[in-house]
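Q: One structure is given below, represented as structure tokens, and several questions about it will come after.
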Amino acid sequence: MSDQPILTLDHVTKRFGPITVVDDVTVNVHRGRIQVLLGENGAGKSTLINMAAGVHEPSSGQIIVDGHPTRIPDTKASEALGIATIHQELQLVSSLSVAENILMGRLPQRFGLVDKREMYRLATEALTTVGLHVDPHMPAGALGIARQQLVEIAKALSLKARLLILDEPTASLTKHEIEHLFGLISQLRSEGVGMVFISHHLDEIASIGDSVTVIRDGKFVAEVPATTPEPELVRLMVGRSIDEQFPRRATPPQEPLLSVQGLTRKGTFTDVSFEVRAGEVLGIAGLVGAGRTEVVRAIAGADPYDTGTVTVQGKPLPKGRIGAAIAAGVGLVPEDRKAVGLVLGASVEDNLGYATLMSSARYGLVDRRGQAKRANLVAKRLAIRMRGLGQRVGALSGGNQQKVVLGRWISAGSKVLILDEPTRGVDVGAKVEIYQLMNEITAAGGAVVMVSSELPEVLGMSDRILVMSDGRVAGVLAAADADQHTVMSLAVKEVEPDRV
Amino acid sequence: MSNTQETTPTAQKAPGADVTSKRAKIADFVSANGALVGLLVLCVAMFIATPDFLTPNNLLNVGIQASVVAILAFGQTFVIVTAGIDLSVGSVAALSAMVAAFTGQSWGMPPLVALLFGLLTGLAAGMLSGAATAYAKLPPFIATLAMLSVARGLTLVVSNGIPVPTSSVVTWLGGSIGPIPMPVVVLLVMGAIGWFILNRLSVGRAMYAVGGNLEAARLSGIPVKRVLVTVYALSGIFAAVAGLVLSGRLASAQPQAATGYELDAIAAVVIGGASLAGGVGRISGTLIGALVLAVIRNGLNLLNVSAFWQQVIIGLVIAVAVGIDVLRRKRA
Amino acid sequence: MSNTQETTPTAQKAPGADVTSKRAKIADFVSANGALVGLLVLCVAMFIATPDFLTPNNLLNVGIQASVVAILAFGQTFVIVTAGIDLSVGSVAALSAMVAAFTGQSWGMPPLVALLFGLLTGLAAGMLSGAATAYAKLPPFIATLAMLSVARGLTLVVSNGIPVPTSSVVTWLGGSIGPIPMPVVVLLVMGAIGWFILNRLSVGRAMYAVGGNLEAARLSGIPVKRVLVTVYALSGIFAAVAGLVLSGRLASAQPQAATGYELDAIAAVVIGGASLAGGVGRISGTLIGALVLAVIRNGLNLLNVSAFWQQVIIGLVIAVAVGIDVLRRKRA
Amino acid sequence: ACNRTSPTTSATASSAKKFTLAVSTLNNPFFVSLKEGAVAEAKAEGVTLNVVDAQNDAATQANQLANAQSQNVQAVIVNPVDSDGAGAPVKALNTAKIPVIAVDRTVNGAKVASFIASDNVAGGKQAAAELGKLLGGKGDIIVLQGTAGTSAARDRGKGFTEGMKAFPGIKIVATQTANFDRAQGLDVTTNLMQAHPGVVGIFAQNDEMALGAIKALGAKAGKAVKLCAFDGTAAGVSAVKAGTLNCTVAQLPSVLGKLAVQQAVKALAGKADANVPVKTTVITETNAATFKG
Ligand SMILES: Nc1ncnc2c1ncn2[C@@H]1O[C@H](COP(=O)(O)OP(=O)(O)OP(=O)(O)O)[C@@H](O)[C@H]1O
Ligand SMILES: Nc1ncnc2c1ncn2[C@@H]1O[C@H](COP(=O)(O)OP(=O)(O)OP(=O)(O)O)[C@@H](O)[C@H]1O
Ligand SMILES: [Mg+2]
Ligand SMILES: [Mg+2]
């Protein structure tokens with residue numbers, strides 16, 4: 001085989017209005033090789049690959065496919081060139097079936113009609129490839145976010161592309177599915193498929209990548225082999241070195257802040273009890289679908305439950321009343337920030353202020369000065385990267401959006417922070433900042449409950465680890481006694497084998 | 001939210017459950033068409049209230065009386081599934097019927113050609129609205145509100161404000177073959193066509209994708225703009241058919257025909273379980289919605305409720321019919 | 001999409017740019033109120049077409065003629081910002097005016113008390129729609145369509161279909177103080193109140209959050225249901241004021257007053273840059289939208305365009321006015 | 001529970017007379033008076049009268065006529081939304097041998113036992129004659145049209161235009177629609193007076209629009225600007241009494257309603273009068289005091 005790249009993004013630049021998001025970057029993708037893109041949140045990775053996916057066209061520079069300069073004006077053109085893309089944001093229609101989502105835009109037809117049998121056959125095949133055992137008739141919206149991610153992957157793989165772009169495909173997956181996915185990727189690589197892989201999990205890079213292109217602030221920084229040690233990658237990426245990936249500063253635990261007793265919702269979770277003390281970080285681990293999200297939402301008053309009690313600082317909270325939970329000092333950072341965490345069309349300042357909007361108002365008047373002051377302070381403290389507090393939150397990078405949701409609760413002075421997958425899609429630098437924030441909260445006498453599917457994070461940042469399995473508490477471990485093995489063995493307890 | 005698929009998800013269906021599959025299908029249909037319960041409650045109430053309701057003749061009347069709004073609403077279903085709205089259906093119906101009558105009467109076109117002119121008028125109006133939405137990026141509310149006004153104005157211009165007698169073919173569409181009223185036949189045919197488009201054609205499935213998640217549809221290579229134009233074009237054609245049936249029933253194309261029907265058509269679709277936010281909606285639901293409206297009006301006439309109170313009751317019944325559905329879904 | 005805040009983000013504003021800040025503010029206003037360009041183009045066109053347009057007297061007329069729709073549309077703005085829709089505004093306006101006239105005339109209430117009854121009617125109707133939406137979870141389209149029908153029916157029941165003379169206070173609202181027409185004063189006052197609610201009250205800011213992402217608002221502790229009820233209640237009160245102004249202008253509460261005004265009101269809001277998908281909308285935009293509609297109608301009267309063509313032209317102008325805005329935003 | 005008329009069980013229905021009155025619209029005081037005249041007469045005759053309102057929609061009216069048949073009424077009084085449009089549904093009633101009385105507008109393409117009407121075209125001519133006389137045969141006038149495409153607007157307009165031929169000195173400078181609505185009458189007149197300040201006369205195709213125009217004209221109403229209208233509703237007549245409206249062509253709507261019921265009763269015995277003309281009267285200041293609608 002020749003050494004000619006399948007795809008070259010040749011000195012491409014992308015401007016949105018006055019802002020240059022990608023600035024003169026060159027990336028080559030070869031057959032059977034995995035090109036990793038590395039960069040902080042907002043560095044321009046997604047924008048870069050979107051030029052190959054037919055979402056954006058470069059403002060300058062060119063796209064070269066098989067040695068020929070090519071235009072890729074839309075998705076169809078990209079697919080026609082043999083490029084398949086798994087986008088960072090889930091792109092599913094929740095009311096349509098899994099099968100229709102997988103084959104969207106290319107439903108099999110017979111005599112001009114949709115061939116439903118063939119559709120379900122192809123979909124089942126694609127689902128089997130990724131090891132997802134769900135009924136393809138199910139509406140995609142009924143699946144949890146991880147399964148939806150797997151559906152996306154199945155969708156892209158079923159295109160049988162020769163170039164596969166994966167923009168943070170592992171962000172919502174647990175170890176188990178990631179391993180399966182990496183198996184698939186290795187197989188495709190051996191079949192000669194070229195790939196672009198974006199991830200904020202540095203450990204994945206060494207295990208899967210061939211070569212790494214690092215970009216910072218939209219500019220090319222370096223291209224290095226995937227074997228480059230992590231600290232060096234971090235330094236290239238953020239322009240400085242990060243000493244410690246999990247900088248947990250344990251605080252001596254004090255009085256209990258949050259106490260959950262016998263929490264049950266039929267069919268979802270059963271008899272969940274635990275306690276979190278001031279100054280403590282409780283990690284909640286478990287497989288996808290273990291019911292962690294449901295439990296923490298119920299605690300925060302977002303959903304109702306059948307039996308059990310939730311007590312904060314000795315005061316029992318009424319069932320399903322968010323307002324009461326917030327007033328008692330509970331703050332929930334939900335797992336799907338775009339869908340339920342942020343008002344994407346509103347400004348950063350507005351989003352930071354929602355939790356205090358009503359409570360800080362006097363005679364119904366918005367406390368404009370106070371809201372602005374709090375927003376300013378929090379934005380500075382969390383180092384939110386933005387053009388100004390008036391910027392639309394939807395235009396921020398993922399990591400910065402996550403900081404905005406967190407900032408809302410810091411601003412509201414919440415004592416008990418419940419973080420559901422707080423670092424999903426967040427870059428190393430920002431991750432450490434979020435961890436440091438957790439430290440500050442516990443040091444100030446607050447408590448943190450952190451649901452995470454990233455085991456290293458759970459192990460690195462928690463003081464105690466609660467493992468859930470099939471809606472029940474499978475066990476609680478002190479951080480010192482826990483390692484990947486002990487946590488996983490609890491997590492798979494009671495799980496039937498065919499479950500993801 | 002109701003399901004958009006023809007069969008609701010029957011995950012982990014036991015294999016070999018063929019015997020019960022018919023019953024299951026009926027159950028599926030009921031659960032997917034919540035307003036059906038509302039319709040049945042309404043019918044039972046009417047039956048108890050007046051013996052005139054449940055006569056074969058009156059039921060056919062209800063069918064005839066539902067036909068125009070139902071056909072408009074079928075077309076509207078496509079639009080609402082894509083998260084759009086078509087306010088112009090009433091005016092476009094009137095314009096199409098008027099063009100059909102006028103080309104027949106004044107230009108002396110043969111009846112079938114005149115009818116074709118009517119249909120083409122609906123198509124053209126729909127395509128214009130669609131293009132204004134998809135390409136000129138006007139909000140559907142504005143594009144179709146403009147069309148509402150333009151089409152009504154053109155109807156008046158064409159007719160000079162005077163009703164025009166319809167041709168034989170159109171009158172036949174409004175008449176009946178033996179005991180079978182043609183409007184009901186047309187209603188069923190258009191319903192079948194609508195169902196077929198939404199469920200069996202890829203463009204129909206694409207409508208759900210566009211309405212459910214426009215960005216996802218675009219990224220999956222669905223030609224979103226073309227789908228949108230198709231949707232409004234279909235709504236235009238369905239409106240033309242509704243207009244022809246309406247003028248056929250009256251043997252005359254009226255310049256003010258179908259004024260205000262857009263709200264009825266949209267209401268029928270929403271009562272039938274669709275969401276104005278897009279991605280959901282089915283033809284069977286829309287039919288039920290149109291029947292709910294027709295049964296209320298028919299029943300209140302039969303019961304001799306005063307014209308003033310009728311409006312109060314119609315409002316309440318619409319709210320209750322949809323309320324039943326909302327409750328039922330919450331329980332499920 | 002236009003911005004939800006009153007001042008558009010002027011990040012990285014040069015320090016000490018005080019001199020230019022006024023100009024910048026105007027530029028901000030223009031860029032945030034796209035339909036303004038459409039309105040200006042329209043006015044210039046009218047000015048060229050007829051010298052009668054740009055007389056102080058006629059401009060006041062336009063203001064008076066815009067007043068009822070504008071007040072309805074201010075109320076509608078709250079609703080649309082929360083991604084809702086209120087179809088009942090015209091009927092509620094008529095009912096409120098009728099109640100005010102009727103309690104004054106037939107029950108002999110003192111004028112101010114009768115006026116209060118009118119306002120309370122609007123409030124009650126709005127709260128009912130709001131409760132149906134927020135608590136009974138009816139789609140806003142259905143809840144307010146039901147209210148449209150119920151309120152109109154009740155208006156007819158109360159009045160027995162016959163116009164009722166209004167009290168002195170209401171007639172004063174429709175009159176003028178010296179050269180200043182009261183409808184324009186009421187329009188400005190209601191606009192100021194609307195602006196204040198949307199921009200200075202926490203419940204107003206919460207409306208943007210609810211319309212932008214209901215679930216995110218709920219999870220942030222915003223009392224979504226209460227906000228929704230407030231929104232419809234406000235729309236009801238604004239409708240009542242509009243109804244009072246309308247009946248005051250005629251010195252009589254008409255049973256069929258404001259029929260069909262809901263589409264005008266919604267159109268004014270959307271022309272003003274709001275999105276029916278929620279989260280966006282401003283009072284200044286709505287005012288411009290209402291003025292666009294009033295200017296078209298006034299101008300077409302002045303030009304003595306035939307009734308038939310008027311509708312065609314109104315439709316085209318609405319499309320073009322919004323089209324200009326869409327184009328402008330795309331360029332920016 | 002909301003049904004205000006006493007429910008008739010099917011047992012008693014066979015003996016008692018039951019008619020349907022299908023009104024084109026109750027949005028307009030004219031038709032409200034018509035309905036009330038009919039209701040009063042029905043009460044006097046011991047007839048149960050089922051009143052339905054088509055809200056000016058010919059199709060709704062067709063539905064209501066079909067529903068009347070389902071109810072087995074003995075006679076139907078129809079005030080057509082549109083003469084052509086009512087043809088098909090009335091034909092169905094003909095086949096079912098239910099006598100149909102047309103009131104105010106006739107039915108084309110079907111049989112009616114009796115037609116009671118005042119002639120809108122003739123009324124339009126009367127209005128033209130009266131306005132011409134008031135203006136001394138010269139000056140600029142404007143016309144406020146009813147809802148475009150309705151038969152009342154057409155016929156009154158037609159009659160008025162014909163009547164105006166007798167006055168070559170009078171010029172119609174503007175014709176605009178105000179949709180039979182008082183508020184629109186006010187706005188449109190305001191705008192037209194802006195464009196044509198020299199106007200000395202207005203013909204409004206119904207009283208409601210005229211009442212709006214009176215508001216727009218203020219002190220000029222009935223004095224510097226002469227106004228003629230149509231319908232003779234209570235409000236219209238009091239405006240004539242007050243001198244703000246110079247004339248209105250009265251159609252005696254309640255008489256129309258009353259006669260319709262009488263004819264329906266006669267029709268059951270097969271002896272209805274085919275044509276019952278009700279004269280339109282021009283009401284002016286001189287006869288307003290004695291006029292009874
Ligand atoms: N359509 C757009 N208009 C304006 N700015 C945009 C647009 N899309 C992206 N940006 C900006 O471009 C920058 C790069 O965004 P991009 O999504 O490419 O980052 P990324 O490297 O993929 O980050 P992440 O790791 O968070 O996914 C961000 O600052 C973002 O705000
Ligand atoms: N066996 C299963 N089959 C189908 N759906 C399941 C199954 N188990 C869980 N689910 C659903 O999957 C979703 C994921 O559950 P939940 O979010 O509570 O789990 P989690 O532990 O937080 O996992 P995640 O990592 O996805 O957040 C829920 O909607 C749940 O009802
Ligand atoms: Mg990205
Ligand atoms: Mg979860």
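All residue names refer to the structure tokens as shown: chains lettered A, B, ... in order, residues numbered from 1 in each chain, ligands numbered from 1 in order.
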Taking only C-alpha atoms and all ligand atoms into account, report as a list in words which residues have an atom no farther than 7 Å from an atom of ligand 2.
A: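 My answer, listing the contacting residues, is Ala142, Leu143, Gly144, Ile145, Ala146, Ser172, Thr268, Gly286, Leu287, Val288, Gly289, Ala290, Gly291, Arg292, Thr293, Glu294, Val295, Glu335, Ser453 and Arg499 of chain A.
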Q: Please report as a list in words which residues of chain B come no farther than 6 Å from chain D, using only C-alpha atoms.
A: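 Every residue meeting the condition is included here: Asp52, Asn58, Gln65, Gly161, Ile162, Leu250, Ser252, Pro255, Asn304, Val305 and Ala307 of chain B.
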Q: Would you put the residues from that selection into a file with N, CA, C and O atoms, as an mmCIF file, in the first residue's frame?
A:
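Output saved as out00.cif:
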data_model
loop_
_atom_site.group_PDB
_atom_site.id
_atom_site.type_symbol
_atom_site.label_atom_id
_atom_site.label_comp_id
_atom_site.auth_asym_id
_atom_site.auth_seq_id
_atom_site.Cartn_x
_atom_site.Cartn_y
_atom_site.Cartn_z
ATOM 1 N N ASP B 52 -81.502 9.998 18.949
ATOM 2 C CA ASP B 52 -81.231 10.325 17.555
ATOM 3 C C ASP B 52 -79.785 10.090 17.177
ATOM 4 O O ASP B 52 -79.463 10.034 15.998
ATOM 5 N N ASN B 58 -77.531 9.020 11.151
ATOM 6 C CA ASN B 58 -76.822 10.092 11.840
ATOM 7 C C ASN B 58 -75.324 9.820 11.888
ATOM 8 O O ASN B 58 -74.520 10.733 11.779
ATOM 9 N N GLN B 65 -69.771 15.052 8.119
ATOM 10 C CA GLN B 65 -69.463 16.334 8.736
ATOM 11 C C GLN B 65 -68.018 16.413 9.200
ATOM 12 O O GLN B 65 -67.446 17.490 9.311
ATOM 13 N N GLY B 161 -65.717 37.685 -5.383
ATOM 14 C CA GLY B 161 -66.559 37.670 -4.189
ATOM 15 C C GLY B 161 -67.881 36.944 -4.356
ATOM 16 O O GLY B 161 -68.714 36.953 -3.460
ATOM 17 N N ILE B 162 -68.072 36.301 -5.498
ATOM 18 C CA ILE B 162 -69.363 35.657 -5.764
ATOM 19 C C ILE B 162 -69.160 34.135 -5.832
ATOM 20 O O ILE B 162 -68.203 33.673 -6.455
ATOM 21 N N LEU B 250 -71.680 21.502 -1.295
ATOM 22 C CA LEU B 250 -72.553 22.665 -1.434
ATOM 23 C C LEU B 250 -72.877 22.952 -2.895
ATOM 24 O O LEU B 250 -73.597 23.891 -3.195
ATOM 25 N N SER B 252 -71.193 24.368 -4.840
ATOM 26 C CA SER B 252 -70.813 25.744 -5.130
ATOM 27 C C SER B 252 -69.527 26.074 -4.374
ATOM 28 O O SER B 252 -69.375 25.729 -3.209
ATOM 29 N N PRO B 255 -66.534 31.910 -1.726
ATOM 30 C CA PRO B 255 -65.314 32.697 -1.478
ATOM 31 C C PRO B 255 -64.868 32.648 -0.014
ATOM 32 O O PRO B 255 -63.694 32.769 0.270
ATOM 33 N N ASN B 304 -80.250 20.131 20.847
ATOM 34 C CA ASN B 304 -80.888 21.440 20.831
ATOM 35 C C ASN B 304 -80.333 22.370 21.909
ATOM 36 O O ASN B 304 -81.062 23.087 22.570
ATOM 37 N N VAL B 305 -79.014 22.296 22.091
ATOM 38 C CA VAL B 305 -78.391 23.207 23.048
ATOM 39 C C VAL B 305 -78.332 24.593 22.407
ATOM 40 O O VAL B 305 -78.065 24.714 21.219
ATOM 41 N N ALA B 307 -77.293 28.028 20.914
ATOM 42 C CA ALA B 307 -76.077 28.302 20.152
ATOM 43 C C ALA B 307 -74.996 28.902 21.030
ATOM 44 O O ALA B 307 -73.812 28.625 20.863
#
Q: Pick from A:Ser452, A:Thr264, A:Ser78, A:Gln88: nearest to ligand 4, with only C-alpha atoms and all ligand atoms counted?
A: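 Of A:Ser452, A:Thr264, A:Ser78, A:Gln88, the one nearest ligand 4, counting only C-alpha atoms and all ligand atoms, is A:Ser452.
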Q: Got a sec: who's within 9 Å of Arg205 (chain B), counting only C-alpha atoms, leaving out chain neighbours fewer than 3 positions off, as a list in words?
A: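 Here the answer would be Leu96, Glu100, Met104, Leu107 and Val114 of chain A; Ile197, Leu198, Asn199, Arg200, Leu201, Ser202, Tyr208, Ala209 and Val210 of chain B.
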Q: So that I can see what lies close to region 173-188 of chain D, please list as an NGL selection string the residues with an atom at most 7 Å from it, counting only C-alpha atoms and leaving out residues fewer than 5 positions away in the same chain.
A: (:C and (65 or 250 or 301 or 304 or 306-307)) or (:D and (140-147 or 206 or 208-213 or 215-216))
Q: Store the residues picked out above in a file with C-alpha atoms, as an mmCIF file, in the first residue's frame.
A:
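This is the output file again_36.cif:
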data_model
loop_
_atom_site.group_PDB
_atom_site.id
_atom_site.type_symbol
_atom_site.label_atom_id
_atom_site.label_comp_id
_atom_site.auth_asym_id
_atom_site.auth_seq_id
_atom_site.Cartn_x
_atom_site.Cartn_y
_atom_site.Cartn_z
ATOM 1 C CA GLN C 65 -55.343 51.210 15.691
ATOM 2 C CA LEU C 250 -66.773 51.948 20.609
ATOM 3 C CA ASN C 301 -56.993 51.930 3.476
ATOM 4 C CA ASN C 304 -57.948 52.516 -1.262
ATOM 5 C CA SER C 306 -59.627 46.756 -3.061
ATOM 6 C CA ALA C 307 -60.686 44.536 -0.197
ATOM 7 C CA ASP D 140 -67.684 62.661 -2.438
ATOM 8 C CA ILE D 141 -68.791 59.623 -0.519
ATOM 9 C CA ILE D 142 -67.215 56.441 0.778
ATOM 10 C CA VAL D 143 -68.681 52.971 1.097
ATOM 11 C CA LEU D 144 -68.027 50.619 3.999
ATOM 12 C CA GLN D 145 -68.418 47.101 2.676
ATOM 13 C CA GLY D 146 -69.414 44.050 4.610
ATOM 14 C CA THR D 147 -67.331 40.894 4.682
ATOM 15 C CA ASN D 206 -74.810 47.486 8.059
ATOM 16 C CA GLU D 208 -72.664 48.080 13.115
ATOM 17 C CA MET D 209 -70.116 49.547 10.724
ATOM 18 C CA ALA D 210 -72.105 52.787 10.654
ATOM 19 C CA LEU D 211 -71.936 52.974 14.444
ATOM 20 C CA GLY D 212 -68.165 52.604 14.186
ATOM 21 C CA ALA D 213 -68.080 55.307 11.527
ATOM 22 C CA LYS D 215 -67.414 57.166 16.443
ATOM 23 C CA ALA D 216 -64.746 58.020 13.894
#
Q: Using only C-alpha atoms and all ligand atoms, which of the listed residues (A:Ile198, A:Val404, A:Ala300, A:Leu159) sits closest to ligand 3?
A: A:Ile198
